[in-house]
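> Quick one: the structure is below, and I'll ask about it shortly.
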Amino acid sequence: MKFEKWQALGNDYMIVEHAQLPFALTPARIRRLCEGHFGVFADGVLELSTHDDERFVARLRIFNPDGSEAELSGNGAREAILYLRTRGWTDSDVFSIDTAAGEIRPQITGPETCRVDMGVASITSKDFPSGPSDGRAELTANGQTWRFQHVSIGNPQCAIHVEDLATLQALDLPAIGPAIESCELFPNRTNVSWYTELEPGRIRARIFERGVGETLSSGTGASGAAIAHSLTSTGERNITVELDGGELQVELDDDMRVQLTGWARPVFEGRLSGRFVSELQQIE
């Protein structure tokens with residue numbers, strides 16, 4: 001079974017083509033594939049398949065390392081987009097792919113870069129059913145109260161502003177992230193970002209990703225933080241987001257349509273051994 005490993009700002013995914021899979025991607029198999037030391041060691045799995053609707057180059061499914069399926073990932077989407085182009089699924093610079101969050105439209109901007117129309121964000125959603133119309137609320141986790149901005153950008157985001165860079169860097173995300181991710185306010189759990197302004201048009205963010213934990217970067221997490229910053233602070237529409245793994249550019253229009261620009265690149269190509277495939281086939 002062939003696969004490729006790609007990364008975007010340190011957010012790494014195993015990419016597989018559905019037609020080449022000798023088994024279905026069940027949660028237990030995904031956990032084993034992503035496992036360190038015993039598997040490929042990845043932040044998730046991207047599954048690409050052909051689409052029966054000619055509007056789409058492919059259907060993309062995104063799986064977290066805990067086996068759950070994500071609606072969307074900005075970094076994972078860019079990796080899949082550039083894989084599709086590199087592997088000859090399309091020779092167009094602009095095309096569409098189908099995801100659990102709906103259609104996304106990328107524009108290839110360079111050998112390792114693309115700009116992705118992520119769709120229209122919302123500050124109300126089914127993922128925060130008790131939320132007010134402005135999406136702003138408070139929660140208590142681990143004995144601490146956090147004010148946050150809810151954003152839905154294909155998946156749920158909880159964006160939390162902190163006062164300065166020192167405060168941001170001092171946060172112990174593995175200790176505080178799980179309780180916020182699984183807070184009862186969010187029936188489908190939530191991604192969490194903490195951010196602070198560095199200068200006009202630039203913020204620094206750290207991400208705790210649903211089903212993953214603290215991560216070097218997240219495209220949707222960066223988008224959620226940028227939207228929260230725009231809504232609650234400056235009204236800026238073009239925001240650079242600094243993450244542990246690098247920078248992403250988030251552009252917003254007046255309707256909160258999000259354009260996300262960044263890079264992705266392949267790390268290696270591989271083939272699972274016959275013995276490992278047999279082990280995976282025995283896992284339900």
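As shown in the structure tokens, the chain order sets the letters A, B, ...; within each chain, residues go from 1, and ligands are also counted from 1 in the order they appear.
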Tell me, as a list in words, which residues lie within 12 Å of Ser273 of chain A, counting only C-alpha atoms; anything in the same chain fewer than 6 positions away does not count.
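So, after excluding close chain neighbours, the residues are Met1, Lys2, Phe3, Gly39, Val40, Glu279 and Leu280 of chain A.
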> Compile the contact shell of Asp66 of chain A as a list in words: residues with an atom at most 12 Å away, counting only C-alpha atoms, same-chain residues fewer than 4 positions apart removed.
Thr26, Pro27, Ala28, Arg29, Ile30, Arg31, Arg32, Leu33, Cys34, Glu35, Ala42, Asp43, Gly44, Val45, Ile62, Ala70, Glu209, Arg210, Gly211, Val212 and Gly213 of chain A
> Keeping only C-alpha atoms, take the residues you just selected and write them out as a PDB file, in the first residue's frame.

ATOM      1  CA  THR A  26     -11.772   2.708  10.665  1.00  0.00           C
ATOM      2  CA  PRO A  27     -10.958   4.750  13.796  1.00  0.00           C
ATOM      3  CA  ALA A  28      -8.812   1.933  15.242  1.00  0.00           C
ATOM      4  CA  ARG A  29      -6.792   1.607  12.017  1.00  0.00           C
ATOM      5  CA  ILE A  30      -6.294   5.355  11.803  1.00  0.00           C
ATOM      6  CA  ARG A  31      -5.019   5.457  15.370  1.00  0.00           C
ATOM      7  CA  ARG A  32      -2.516   2.706  14.572  1.00  0.00           C
ATOM      8  CA  LEU A  33      -1.380   4.358  11.327  1.00  0.00           C
ATOM      9  CA  CYS A  34      -0.755   7.674  13.088  1.00  0.00           C
ATOM     10  CA  GLU A  35       0.861   6.139  16.150  1.00  0.00           C
ATOM     11  CA  ALA A  42       1.387  11.599  11.705  1.00  0.00           C
ATOM     12  CA  ASP A  43      -1.028  14.284  12.842  1.00  0.00           C
ATOM     13  CA  GLY A  44      -3.726  12.627  10.767  1.00  0.00           C
ATOM     14  CA  VAL A  45      -4.694  10.874   7.545  1.00  0.00           C
ATOM     15  CA  ILE A  62      -9.677  14.246   6.951  1.00  0.00           C
ATOM     16  CA  ALA A  70     -12.608  16.362  10.961  1.00  0.00           C
ATOM     17  CA  GLU A 209      -6.552  21.020  18.094  1.00  0.00           C
ATOM     18  CA  ARG A 210      -9.586  18.813  18.665  1.00  0.00           C
ATOM     19  CA  GLY A 211      -8.569  15.167  18.524  1.00  0.00           C
ATOM     20  CA  VAL A 212      -4.880  16.098  18.254  1.00  0.00           C
ATOM     21  CA  GLY A 213      -3.717  18.218  21.186  1.00  0.00           C
TER      22      GLY A 213
END
> May I have the residues within 6 Å of segment 240-251 of chain A as a list in words, using only C-alpha atoms and disregarding those fewer than 4 positions away in the same chain?
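My reading of the contact set: Leu9, Gly10, Arg202, Ile203, Arg204, Ala205, Leu216, Ser217, Val258, Gln259, Leu260, Thr261 and Gly262 of chain A.
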> Kindly provide the residues of segment 2-79 of chain A that approach segment 140-161 of chain A to within 12 Å, each paired with its closest atom pair and their distance in Å to one decimal, based on only C-alpha atoms, listed by chain and increasing number, as a tab-separated table.

residue	atom	partner	partner_atom	distance
A:Ile62	CA	A:Asn155	CA	11.7
A:Glu69	CA	A:Asn155	CA	10.8
A:Ala70	CA	A:Asn155	CA	7.4
A:Glu71	CA	A:Asn155	CA	5.7
A:Leu72	CA	A:Gly154	CA	5.6
A:Ser73	CA	A:Asn155	CA	8.3
A:Gly74	CA	A:Gly154	CA	9.7
A:Ala77	CA	A:Gly154	CA	11.8
> Env of Val116 of chain A: 8 Å cut, atoms = only C-alpha atoms, seq-sep filter 2 positions within chain, self excluded. Answer as a list in words.
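Surrounding residues, per the criterion: Arg78, Ile104, Arg105, Pro106, Gln107, Cys114, Met118, Gln259, Leu260 and Thr261 of chain A.
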> Considering only C-alpha atoms, can you say which of A:Thr90, A:Ile81, A:Phe128, A:Ala137 comes closest to Thr109 of chain A?
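Distance minimum relative to Thr109 of chain A lands on A:Ile81.
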> Enumerate, as JSON, numbers by chain, the complete set of residues in segment 83-187 of chain A that a backbone-based DSSP assignment places in alpha helix (DSSP H).
{"A": [83, 84, 85, 86, 165, 166, 167, 168, 169, 170, 173, 174, 175, 176, 177, 178, 179, 180, 181]}
> Would you return as a PyMOL selection string the members of segment 173-248 of chain A that DSSP assigns to strand (DSSP E) on this structure's backbone?
chain A and resi 191-199+202-209+213-215+238-243+246-248
> Once you have the residues from the selection above, write them out as a PDB file, in the first residue's frame, restricted to N, CA and C atoms.

ATOM      1  N   ASN A 191     -11.983  23.083  18.695  1.00  0.00           N
ATOM      2  CA  ASN A 191     -10.593  23.484  18.590  1.00  0.00           C
ATOM      3  C   ASN A 191     -10.418  24.764  19.406  1.00  0.00           C
ATOM      4  N   VAL A 192      -9.211  24.967  19.928  1.00  0.00           N
ATOM      5  CA  VAL A 192      -8.977  26.128  20.785  1.00  0.00           C
ATOM      6  C   VAL A 192      -7.722  26.858  20.317  1.00  0.00           C
ATOM      7  N   SER A 193      -7.818  28.166  20.213  1.00  0.00           N
ATOM      8  CA  SER A 193      -6.639  28.983  19.912  1.00  0.00           C
ATOM      9  C   SER A 193      -6.536  30.108  20.932  1.00  0.00           C
ATOM     10  N   TRP A 194      -5.298  30.405  21.304  1.00  0.00           N
ATOM     11  CA  TRP A 194      -4.990  31.567  22.134  1.00  0.00           C
ATOM     12  C   TRP A 194      -4.140  32.496  21.282  1.00  0.00           C
ATOM     13  N   TYR A 195      -4.423  33.793  21.339  1.00  0.00           N
ATOM     14  CA  TYR A 195      -3.703  34.702  20.446  1.00  0.00           C
ATOM     15  C   TYR A 195      -3.487  36.050  21.118  1.00  0.00           C
ATOM     16  N   THR A 196      -2.477  36.786  20.611  1.00  0.00           N
ATOM     17  CA  THR A 196      -2.222  38.145  21.055  1.00  0.00           C
ATOM     18  C   THR A 196      -1.719  38.957  19.877  1.00  0.00           C
ATOM     19  N   GLU A 197      -1.974  40.246  19.885  1.00  0.00           N
ATOM     20  CA  GLU A 197      -1.520  41.116  18.793  1.00  0.00           C
ATOM     21  C   GLU A 197      -0.042  41.448  18.988  1.00  0.00           C
ATOM     22  N   LEU A 198       0.721  41.345  17.919  1.00  0.00           N
ATOM     23  CA  LEU A 198       2.128  41.741  17.928  1.00  0.00           C
ATOM     24  C   LEU A 198       2.303  43.158  17.409  1.00  0.00           C
ATOM     25  N   GLU A 199       1.567  43.470  16.345  1.00  0.00           N
ATOM     26  CA  GLU A 199       1.570  44.788  15.710  1.00  0.00           C
ATOM     27  C   GLU A 199       0.359  44.825  14.798  1.00  0.00           C
ATOM     28  N   ARG A 202      -0.783  41.773  12.456  1.00  0.00           N
ATOM     29  CA  ARG A 202       0.001  40.577  12.781  1.00  0.00           C
ATOM     30  C   ARG A 202      -0.333  40.106  14.200  1.00  0.00           C
ATOM     31  N   ILE A 203      -0.679  38.815  14.319  1.00  0.00           N
ATOM     32  CA  ILE A 203      -0.936  38.237  15.630  1.00  0.00           C
ATOM     33  C   ILE A 203      -0.079  36.980  15.803  1.00  0.00           C
ATOM     34  N   ARG A 204       0.114  36.602  17.046  1.00  0.00           N
ATOM     35  CA  ARG A 204       0.789  35.344  17.389  1.00  0.00           C
ATOM     36  C   ARG A 204      -0.244  34.431  18.018  1.00  0.00           C
ATOM     37  N   ALA A 205      -0.285  33.168  17.598  1.00  0.00           N
ATOM     38  CA  ALA A 205      -1.296  32.247  18.115  1.00  0.00           C
ATOM     39  C   ALA A 205      -0.667  30.912  18.475  1.00  0.00           C
ATOM     40  N   ARG A 206      -1.281  30.244  19.436  1.00  0.00           N
ATOM     41  CA  ARG A 206      -0.972  28.858  19.767  1.00  0.00           C
ATOM     42  C   ARG A 206      -2.263  28.057  19.691  1.00  0.00           C
ATOM     43  N   ILE A 207      -2.148  26.797  19.284  1.00  0.00           N
ATOM     44  CA  ILE A 207      -3.329  26.026  18.919  1.00  0.00           C
ATOM     45  C   ILE A 207      -3.387  24.721  19.707  1.00  0.00           C
ATOM     46  N   PHE A 208      -4.582  24.422  20.229  1.00  0.00           N
ATOM     47  CA  PHE A 208      -4.892  23.103  20.773  1.00  0.00           C
ATOM     48  C   PHE A 208      -5.995  22.528  19.899  1.00  0.00           C
ATOM     49  N   GLU A 209      -5.648  21.509  19.127  1.00  0.00           N
ATOM     50  CA  GLU A 209      -6.552  21.020  18.094  1.00  0.00           C
ATOM     51  C   GLU A 209      -7.384  19.847  18.601  1.00  0.00           C
ATOM     52  N   GLY A 213      -4.481  17.628  20.094  1.00  0.00           N
ATOM     53  CA  GLY A 213      -3.717  18.218  21.186  1.00  0.00           C
ATOM     54  C   GLY A 213      -2.986  19.446  20.701  1.00  0.00           C
ATOM     55  N   GLU A 214      -1.979  19.895  21.450  1.00  0.00           N
ATOM     56  CA  GLU A 214      -1.209  21.056  21.017  1.00  0.00           C
ATOM     57  C   GLU A 214      -0.506  20.719  19.715  1.00  0.00           C
ATOM     58  N   THR A 215      -0.580  21.634  18.763  1.00  0.00           N
ATOM     59  CA  THR A 215      -0.016  21.389  17.444  1.00  0.00           C
ATOM     60  C   THR A 215       0.805  22.590  17.007  1.00  0.00           C
ATOM     61  N   ASN A 238      -6.801  41.805   6.622  1.00  0.00           N
ATOM     62  CA  ASN A 238      -5.652  41.059   6.112  1.00  0.00           C
ATOM     63  C   ASN A 238      -4.683  40.856   7.276  1.00  0.00           C
ATOM     64  N   ILE A 239      -4.609  39.629   7.775  1.00  0.00           N
ATOM     65  CA  ILE A 239      -3.909  39.386   9.030  1.00  0.00           C
ATOM     66  C   ILE A 239      -2.890  38.259   8.848  1.00  0.00           C
ATOM     67  N   THR A 240      -1.661  38.523   9.243  1.00  0.00           N
ATOM     68  CA  THR A 240      -0.635  37.492   9.287  1.00  0.00           C
ATOM     69  C   THR A 240      -0.682  36.825  10.658  1.00  0.00           C
ATOM     70  N   VAL A 241      -0.743  35.499  10.649  1.00  0.00           N
ATOM     71  CA  VAL A 241      -0.803  34.744  11.898  1.00  0.00           C
ATOM     72  C   VAL A 241       0.501  33.971  12.073  1.00  0.00           C
ATOM     73  N   GLU A 242       1.235  34.314  13.113  1.00  0.00           N
ATOM     74  CA  GLU A 242       2.457  33.583  13.451  1.00  0.00           C
ATOM     75  C   GLU A 242       2.103  32.403  14.344  1.00  0.00           C
ATOM     76  N   LEU A 243       2.563  31.221  13.949  1.00  0.00           N
ATOM     77  CA  LEU A 243       2.335  29.993  14.694  1.00  0.00           C
ATOM     78  C   LEU A 243       3.679  29.357  15.023  1.00  0.00           C
ATOM     79  N   GLY A 246       5.321  28.376  11.726  1.00  0.00           N
ATOM     80  CA  GLY A 246       5.529  29.345  10.654  1.00  0.00           C
ATOM     81  C   GLY A 246       4.366  30.318  10.563  1.00  0.00           C
ATOM     82  N   GLU A 247       4.200  30.943   9.389  1.00  0.00           N
ATOM     83  CA  GLU A 247       3.192  31.986   9.211  1.00  0.00           C
ATOM     84  C   GLU A 247       2.145  31.581   8.176  1.00  0.00           C
ATOM     85  N   LEU A 248       0.917  32.034   8.416  1.00  0.00           N
ATOM     86  CA  LEU A 248      -0.174  31.913   7.462  1.00  0.00           C
ATOM     87  C   LEU A 248      -0.802  33.280   7.261  1.00  0.00           C
TER      88      LEU A 248
END
> Would you mind telling me which residue in A:Ser125, A:Leu25, A:Asn75, A:Gly270 lies nearest to Asn188 of chain A when using only C-alpha atoms?
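Nearest candidate to Asn188 of chain A out of A:Ser125, A:Leu25, A:Asn75, A:Gly270: A:Ser125.
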> Nearest to Glu138 of chain A: which of A:Ser223, A:Val267, A:Phe63, A:Ile180 is it, counting only C-alpha atoms?
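So, comparing all the options, the nearest one is A:Ile180.
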> With distances taken over only C-alpha atoms, which of A:Gly36, A:Pro129, A:Gly76, A:Pro65 is nearest to Ser218 of chain A?
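That would be A:Gly76, the residue with the smallest distance to Ser218 of chain A.
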